[in-house]
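Undergrad: Got work_15.cif for you, mmCIF, C-alpha atoms:
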data_entry
loop_
_atom_site.group_PDB
_atom_site.id
_atom_site.type_symbol
_atom_site.label_atom_id
_atom_site.label_comp_id
_atom_site.auth_asym_id
_atom_site.auth_seq_id
_atom_site.Cartn_x
_atom_site.Cartn_y
_atom_site.Cartn_z
ATOM 1 C CA GLN A 1 100.002 107.445 121.783
ATOM 2 C CA ILE A 2 97.348 105.358 123.495
ATOM 3 C CA GLN A 3 96.508 102.153 121.679
ATOM 4 C CA LEU A 4 94.325 99.184 122.471
ATOM 5 C CA VAL A 5 94.909 96.162 120.286
ATOM 6 C CA GLN A 6 92.448 93.305 120.525
ATOM 7 C CA SER A 7 92.849 89.729 119.385
ATOM 8 C CA GLY A 8 91.453 88.539 116.093
ATOM 9 C CA PRO A 9 88.029 87.220 115.078
ATOM 10 C CA GLU A 10 86.805 83.909 116.454
ATOM 11 C CA LEU A 11 84.447 81.286 115.069
ATOM 12 C CA LYS A 12 83.099 78.955 117.716
ATOM 13 C CA LYS A 13 80.414 76.321 118.155
ATOM 14 C CA PRO A 14 77.678 76.536 120.775
ATOM 15 C CA GLY A 15 78.919 75.268 124.118
ATOM 16 C CA GLU A 16 82.558 76.140 123.447
ATOM 17 C CA SER A 17 84.579 78.854 125.169
ATOM 18 C CA VAL A 18 86.465 81.850 123.837
ATOM 19 C CA LYS A 19 89.067 84.209 125.279
ATOM 20 C CA ILE A 20 89.558 87.690 123.847
ATOM 21 C CA SER A 21 92.571 89.819 124.713
ATOM 22 C CA CYS A 22 93.039 93.577 124.781
ATOM 23 C CA LYS A 23 96.617 94.848 124.947
ATOM 24 C CA ALA A 24 97.053 98.448 126.058
ATOM 25 C CA SER A 25 99.994 100.717 125.375
ATOM 26 C CA GLY A 26 100.820 104.398 125.634
ATOM 27 C CA TYR A 27 99.667 104.855 129.216
ATOM 28 C CA THR A 28 100.081 103.289 132.651
ATOM 29 C CA PHE A 29 97.806 100.253 132.490
ATOM 30 C CA THR A 30 96.847 100.325 136.149
ATOM 31 C CA ASP A 31 95.732 103.971 136.052
ATOM 32 C CA TYR A 32 92.377 103.251 134.408
ATOM 33 C CA ALA A 33 89.779 100.543 134.802
ATOM 34 C CA MET A 34 89.161 98.488 131.689
ATOM 35 C CA HIS A 35 85.582 98.199 130.515
ATOM 36 C CA TRP A 36 83.978 95.852 128.015
ATOM 37 C CA VAL A 37 81.159 96.661 125.594
ATOM 38 C CA LYS A 38 79.129 94.272 123.434
ATOM 39 C CA GLN A 39 77.651 95.079 120.039
ATOM 40 C CA ALA A 40 75.487 92.429 118.394
ATOM 41 C CA PRO A 41 75.321 92.566 114.589
ATOM 42 C CA GLY A 42 73.363 95.630 113.478
ATOM 43 C CA LYS A 43 72.553 96.563 117.073
ATOM 44 C CA GLY A 44 73.601 99.180 119.586
ATOM 45 C CA LEU A 45 76.203 99.247 122.313
ATOM 46 C CA LYS A 46 75.754 97.407 125.596
ATOM 47 C CA TRP A 47 77.982 97.856 128.619
ATOM 48 C CA MET A 48 79.179 94.547 130.067
ATOM 49 C CA GLY A 49 81.142 95.648 133.096
ATOM 50 C CA TRP A 50 84.681 96.501 134.108
ATOM 51 C CA ILE A 51 87.790 95.288 135.843
ATOM 52 C CA ASN A 52 89.885 97.263 138.275
ATOM 53 C CA THR A 53 93.310 97.081 136.676
ATOM 54 C CA TYR A 54 95.011 97.803 139.999
ATOM 55 C CA THR A 55 93.307 95.179 142.172
ATOM 56 C CA GLY A 56 92.010 92.812 139.496
ATOM 57 C CA LYS A 57 88.494 92.957 140.885
ATOM 58 C CA PRO A 58 85.825 92.505 138.196
ATOM 59 C CA THR A 59 82.307 93.941 138.207
ATOM 60 C CA TYR A 60 79.682 92.553 135.851
ATOM 61 C CA ALA A 61 76.459 94.023 134.554
ATOM 62 C CA ASP A 62 73.493 91.808 135.420
ATOM 63 C CA ASP A 63 73.174 90.339 131.908
ATOM 64 C CA PHE A 64 76.810 89.240 131.980
ATOM 65 C CA LYS A 65 76.995 87.386 135.289
ATOM 66 C CA GLY A 66 77.831 83.705 135.187
ATOM 67 C CA ARG A 67 79.450 82.839 131.848
ATOM 68 C CA PHE A 68 81.619 85.929 131.455
ATOM 69 C CA VAL A 69 84.969 86.435 133.155
ATOM 70 C CA PHE A 70 87.210 89.511 133.060
ATOM 71 C CA SER A 71 90.856 88.943 133.904
ATOM 72 C CA LEU A 72 94.224 90.624 133.638
ATOM 73 C CA GLU A 73 97.785 89.936 132.678
ATOM 74 C CA ALA A 74 98.910 93.172 134.276
ATOM 75 C CA SER A 75 102.588 92.552 133.598
ATOM 76 C CA ALA A 76 101.671 92.488 129.916
ATOM 77 C CA SER A 77 99.216 95.420 130.137
ATOM 78 C CA THR A 78 96.538 93.084 128.863
ATOM 79 C CA ALA A 79 92.905 92.615 129.808
ATOM 80 C CA ASN A 80 91.005 89.503 128.836
ATOM 81 C CA LEU A 81 87.384 88.559 128.375
ATOM 82 C CA GLN A 82 86.473 84.901 128.533
ATOM 83 C CA ILE A 83 83.033 83.617 127.601
ATOM 84 C CA SER A 84 82.131 80.027 128.404
ATOM 85 C CA ASN A 85 79.281 77.800 127.196
ATOM 86 C CA LEU A 86 78.827 80.026 124.149
ATOM 87 C CA LYS A 87 75.328 80.620 122.810
ATOM 88 C CA ASN A 88 74.165 81.912 119.446
ATOM 89 C CA GLU A 89 73.214 85.224 121.086
ATOM 90 C CA ASP A 90 76.844 85.777 122.091
ATOM 91 C CA THR A 91 77.594 86.454 118.426
ATOM 92 C CA ALA A 92 78.804 90.038 118.571
ATOM 93 C CA THR A 93 81.731 92.384 118.388
ATOM 94 C CA TYR A 94 83.306 92.960 121.781
ATOM 95 C CA PHE A 95 85.165 96.179 122.517
ATOM 96 C CA CYS A 96 87.539 97.043 125.341
ATOM 97 C CA ALA A 97 87.929 100.642 126.502
ATOM 98 C CA PRO A 98 89.748 102.167 129.477
ATOM 99 C CA TYR A 99 87.590 104.524 131.520
ATOM 100 C CA ASN A 100 88.812 107.986 132.406
ATOM 101 C CA SER A 101 86.554 109.805 134.846
ATOM 102 C CA GLY A 102 87.179 113.055 133.016
ATOM 103 C CA TYR A 103 86.556 111.862 129.486
ATOM 104 C CA GLY A 104 84.660 108.601 129.766
ATOM 105 C CA PHE A 105 85.768 106.205 127.041
ATOM 106 C CA ALA A 106 88.242 108.289 125.044
ATOM 107 C CA TYR A 107 89.989 105.293 123.469
ATOM 108 C CA TRP A 108 88.642 101.992 122.238
ATOM 109 C CA GLY A 109 90.034 98.733 120.969
ATOM 110 C CA GLN A 110 89.294 97.873 117.358
ATOM 111 C CA GLY A 111 86.764 95.257 118.439
ATOM 112 C CA THR A 112 86.805 91.449 118.257
ATOM 113 C CA LEU A 113 84.081 89.655 116.335
ATOM 114 C CA VAL A 114 82.955 86.423 117.945
ATOM 115 C CA THR A 115 80.692 84.277 115.792
ATOM 116 C CA VAL A 116 78.875 81.373 117.396
ATOM 117 C CA SER A 117 77.462 78.922 114.913
ATOM 118 C CA SER A 118 76.990 75.194 114.654
ATOM 119 C CA ASP B 1 68.957 101.085 135.508
ATOM 120 C CA VAL B 2 68.979 104.515 133.856
ATOM 121 C CA LEU B 3 67.075 104.412 130.576
ATOM 122 C CA MET B 4 68.567 106.622 127.871
ATOM 123 C CA THR B 5 65.970 107.593 125.275
ATOM 124 C CA GLN B 6 67.649 108.834 122.140
ATOM 125 C CA THR B 7 65.746 110.466 119.272
ATOM 126 C CA PRO B 8 65.347 110.365 116.384
ATOM 127 C CA VAL B 9 66.305 106.855 115.319
ATOM 128 C CA SER B 10 67.174 108.039 111.825
ATOM 129 C CA LEU B 11 68.126 111.526 110.712
ATOM 130 C CA PRO B 12 68.304 112.374 107.017
ATOM 131 C CA VAL B 13 70.376 115.477 106.380
ATOM 132 C CA SER B 14 71.670 117.463 103.454
ATOM 133 C CA LEU B 15 75.378 118.092 103.343
ATOM 134 C CA GLY B 16 76.017 121.514 104.822
ATOM 135 C CA GLY B 17 72.881 121.333 106.908
ATOM 136 C CA GLN B 18 72.370 121.364 110.674
ATOM 137 C CA VAL B 19 70.855 118.669 112.860
ATOM 138 C CA SER B 20 70.126 117.979 116.514
ATOM 139 C CA ILE B 21 69.998 114.690 118.384
ATOM 140 C CA SER B 22 68.207 114.380 121.703
ATOM 141 C CA CYS B 23 69.088 112.130 124.614
ATOM 142 C CA ARG B 24 66.826 111.987 127.654
ATOM 143 C CA SER B 25 67.594 110.019 130.811
ATOM 144 C CA SER B 26 65.105 108.429 133.183
ATOM 145 C CA GLN B 27 66.812 110.076 136.134
ATOM 146 C CA SER B 28 69.122 112.981 136.723
ATOM 147 C CA LEU B 29 72.692 112.482 135.522
ATOM 148 C CA VAL B 30 74.156 114.919 138.028
ATOM 149 C CA HIS B 31 76.680 112.984 140.082
ATOM 150 C CA SER B 32 77.183 113.544 143.799
ATOM 151 C CA ASP B 33 80.523 115.140 142.860
ATOM 152 C CA GLY B 34 78.646 117.822 140.920
ATOM 153 C CA ASN B 35 79.674 116.602 137.469
ATOM 154 C CA THR B 36 77.298 115.304 134.803
ATOM 155 C CA TYR B 37 78.713 112.264 133.063
ATOM 156 C CA LEU B 38 76.934 112.367 129.729
ATOM 157 C CA HIS B 39 79.040 111.717 126.651
ATOM 158 C CA TRP B 40 78.475 111.525 122.898
ATOM 159 C CA TYR B 41 80.062 109.088 120.426
ATOM 160 C CA LEU B 42 80.051 108.578 116.684
ATOM 161 C CA GLN B 43 80.441 105.098 115.271
ATOM 162 C CA LYS B 44 81.307 105.034 111.589
ATOM 163 C CA PRO B 45 80.598 101.839 109.642
ATOM 164 C CA GLY B 46 83.007 99.078 110.560
ATOM 165 C CA GLN B 47 84.790 101.189 113.169
ATOM 166 C CA SER B 48 84.940 101.514 116.935
ATOM 167 C CA PRO B 49 82.965 104.327 118.543
ATOM 168 C CA GLN B 50 84.882 107.604 118.755
ATOM 169 C CA LEU B 51 84.436 110.177 121.487
ATOM 170 C CA LEU B 52 83.008 113.499 120.348
ATOM 171 C CA ILE B 53 81.759 115.240 123.486
ATOM 172 C CA TYR B 54 82.492 114.430 127.123
ATOM 173 C CA ARG B 55 80.645 115.621 130.192
ATOM 174 C CA VAL B 56 77.796 117.244 128.260
ATOM 175 C CA SER B 57 79.571 120.011 126.395
ATOM 176 C CA ASN B 58 83.337 119.458 126.152
ATOM 177 C CA ARG B 59 84.709 118.653 122.716
ATOM 178 C CA PHE B 60 87.347 115.937 122.715
ATOM 179 C CA SER B 61 90.732 116.599 121.174
ATOM 180 C CA GLY B 62 90.540 116.974 117.398
ATOM 181 C CA VAL B 63 86.751 117.188 117.232
ATOM 182 C CA PRO B 64 85.642 120.051 114.966
ATOM 183 C CA ASP B 65 83.715 122.933 116.496
ATOM 184 C CA ARG B 66 80.800 121.990 114.226
ATOM 185 C CA PHE B 67 79.908 119.603 117.037
ATOM 186 C CA SER B 68 78.411 120.996 120.217
ATOM 187 C CA GLY B 69 76.741 119.481 123.230
ATOM 188 C CA SER B 70 74.357 121.022 125.703
ATOM 189 C CA GLY B 71 71.831 120.143 128.355
ATOM 190 C CA SER B 72 71.467 119.427 132.014
ATOM 191 C CA GLY B 73 69.774 117.089 134.446
ATOM 192 C CA THR B 74 67.889 114.642 132.236
ATOM 193 C CA ASP B 75 67.753 116.403 128.876
ATOM 194 C CA PHE B 76 70.723 116.614 126.514
ATOM 195 C CA THR B 77 71.335 117.604 122.912
ATOM 196 C CA LEU B 78 74.076 117.103 120.355
ATOM 197 C CA LYS B 79 74.100 119.642 117.517
ATOM 198 C CA ILE B 80 76.019 119.207 114.302
ATOM 199 C CA SER B 81 76.305 122.168 111.979
ATOM 200 C CA ARG B 82 77.594 122.282 108.394
ATOM 201 C CA VAL B 83 77.306 118.496 108.095
ATOM 202 C CA GLU B 84 80.119 116.886 106.109
ATOM 203 C CA PRO B 85 80.296 113.407 104.552
ATOM 204 C CA GLU B 86 82.678 112.242 107.320
ATOM 205 C CA ASP B 87 79.954 112.915 109.918
ATOM 206 C CA LEU B 88 77.781 110.079 108.678
ATOM 207 C CA GLY B 89 77.305 107.106 110.961
ATOM 208 C CA VAL B 90 75.505 106.239 114.184
ATOM 209 C CA TYR B 91 75.579 108.586 117.153
ATOM 210 C CA TYR B 92 75.237 107.300 120.705
ATOM 211 C CA CYS B 93 74.895 109.007 124.051
ATOM 212 C CA LEU B 94 76.339 107.327 127.140
ATOM 213 C CA GLN B 95 75.718 108.025 130.801
ATOM 214 C CA SER B 96 78.413 107.034 133.281
ATOM 215 C CA THR B 97 76.982 108.779 136.335
ATOM 216 C CA HIS B 98 75.149 105.681 137.534
ATOM 217 C CA PHE B 99 75.956 101.979 137.440
ATOM 218 C CA PRO B 100 75.259 100.166 135.240
ATOM 219 C CA LEU B 101 76.497 102.451 132.497
ATOM 220 C CA THR B 102 73.893 102.776 129.765
ATOM 221 C CA PHE B 103 73.933 103.871 126.146
ATOM 222 C CA GLY B 104 71.218 105.456 124.081
ATOM 223 C CA SER B 105 69.882 103.260 121.295
ATOM 224 C CA GLY B 106 71.600 105.279 118.584
ATOM 225 C CA THR B 107 70.758 107.796 115.866
ATOM 226 C CA LYS B 108 71.757 107.069 112.297
ATOM 227 C CA LEU B 109 72.799 110.176 110.407
ATOM 228 C CA GLU B 110 72.378 109.654 106.685
ATOM 229 C CA ILE B 111 72.301 111.708 103.522
ATOM 230 C CA LYS B 112 68.911 112.972 102.435
#
For the file at hand, write its structure as structure tokens.

TA:
Amino acid sequence: QIQLVQSGPELKKPGESVKISCKASGYTFTDYAMHWVKQAPGKGLKWMGWINTYTGKPTYADDFKGRFVFSLEASASTANLQISNLKNEDTATYFCAPYNSGYGFAYWGQGTLVTVSS
Amino acid sequence: DVLMTQTPVSLPVSLGGQVSISCRSSQSLVHSDGNTYLHWYLQKPGQSPQLLIYRVSNRFSGVPDRFSGSGSGTDFTLKISRVEPEDLGVYYCLQSTHFPLTFGSGTKLEIK
């Protein structure tokens, strides 16, 4: 069955960096683009962008250009999200989800909570 | 960007009752390929969102037929009949016709 397992919670200070991983199994990793979604505490869902798992090309939503980097370890069926120069407003749960044009986001990772606090 | 206006924000319901959630988009969600990429999700407390309805009206695998989606163009509705305790949580619509993808702001279904 399809599973997406994300790395564990992170506690960071402002200005630090964090890297979140999302390991996929149960399907061919390169068949579906991997998307990332942010959810601040008590807030709604915000789409961050996606990475083409075949070519490795990332595409970022406007609010996530600059400090956010999507990458792959395709041999390990893993997508990564790195956030640099962390700010308090980056405190959120980050979800990965492969996109299927028929279904949209049918499967999601369990989410990774990143807390930024001095 | 396509603005997704979801109403109501909060929806008190009695168990066994029926409710509707509206999602309106600021522009048509009909893709050039003829499909309409409007989906519905339920996020239960402390969990990831789960897909209920894809492409307006198609129930995802395992989703009870108490859930139904309808609509076209810019106006979409999710109906839940015979509400059960497991249906409680926050419902979101998502459009993936246009980039950037955008979510509705959510509707919290709670017990009256």

Undergrad: Could you give me, as a list in words, the residues that have an atom at most 10 Å away from the point (72.3, 116.4, 101.0) in the coordinates of the file, using all atoms listed in the file?

TA: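 Checked against the point, the hits come out as Pro12, Val13, Ser14, Leu15, Gly16, Gly17, Val83, Glu84, Pro85, Glu110, Ile111 and Lys112 of chain B.
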
Undergrad: Taking the file as shown, find all residues satisfying the PyMOL selection byres ((chain A and resi 73-84) around 9) and write them as a VMD selection string.

TA: chain A and resid 15 to 25 28 to 30 34 36 51 53 to 54 56 66 to 72 85 to 87 90 94 96

Undergrad: Please report as a ChimeraX atom specification which residues of chain B come no farther than 6 Å from chain A, using only C-alpha atoms.

TA: /B:48,51,54,105

Undergrad: Residues picked by the PyMOL selection byres ((chain A and resi 40) around 7) here, as a PyMOL selection string?

TA: chain A and resi 38-39+41-43+91-93

Undergrad: Report, in Å to a single decimal, how far apart atom CA of Ser96 of chain B and atom CA of Lys57 of chain A are.

TA: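 Spanning atom CA of Lys57 of chain A to atom CA of Ser96 of chain B is a straight-line distance of 18.9 Å.
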
Undergrad: My list of candidates is A:Thr55, A:Gln1, A:Asn88, A:Gln6. Which is closest to Ser118 of chain A when distances are computed with all atoms listed in the file?

TA: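 The answer is A:Asn88, which sits nearest to Ser118 of chain A.
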
Undergrad: Could you please determine the separation between atom CA of Gln6 of chain B and atom CA of Arg24 of chain B in Å, to one decimal place?

TA: 6.4 Å

Undergrad: List, as a list in words, every residue that the PyMOL selection byres ((chain B and resi 10) around 10) selects in the file provided.

TA: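 Applying the PyMOL selection byres ((chain B and resi 10) around 10) to the structure shown produces Thr7, Pro8, Val9, Leu11, Pro12, Val13, Ile21, Val90, Tyr91, Gly106, Thr107, Lys108, Leu109 and Glu110 of chain B.
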
Undergrad: What's the 8 Å shell around segment 70-76 of chain B, counting only C-alpha atoms, without same-chain residues fewer than 6 positions away, as a list in words?

TA: Ser22, Cys23, Arg24, Ser25, Ser26, Gln27, Ser28, Leu29, Val30, Thr36, Val56 and Ser57 of chain B

Undergrad: Rounded to one decimal place, report the atom CA of Gly26 of chain A-atom CA of Trp50 of chain A distance in Å.

TA: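 Rounded to one decimal, the two atoms are 19.9 Å apart.
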
Undergrad: Point out the residue among A:His35, A:Pro9, A:Tyr27, A:Gln3 with the least atom-to-atom distance to Pro98 of chain A, counting only C-alpha atoms.

TA: A:His35

Undergrad: Counting only C-alpha atoms, which residue out of B:His31, B:Lys44, B:His98, B:Lys79 sits closest to Arg66 of chain B?

TA: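 Of B:His31, B:Lys44, B:His98, B:Lys79, the one nearest Arg66 of chain B, counting only C-alpha atoms, is B:Lys79.
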
Undergrad: Please list as a list in words every residue within 8 Å of Glu10 of chain A, counting only C-alpha atoms and excluding residues in the same chain fewer than 4 positions away.

TA: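 So the residues in contact are Val18, Thr112, Leu113, Val114 and Thr115 of chain A.
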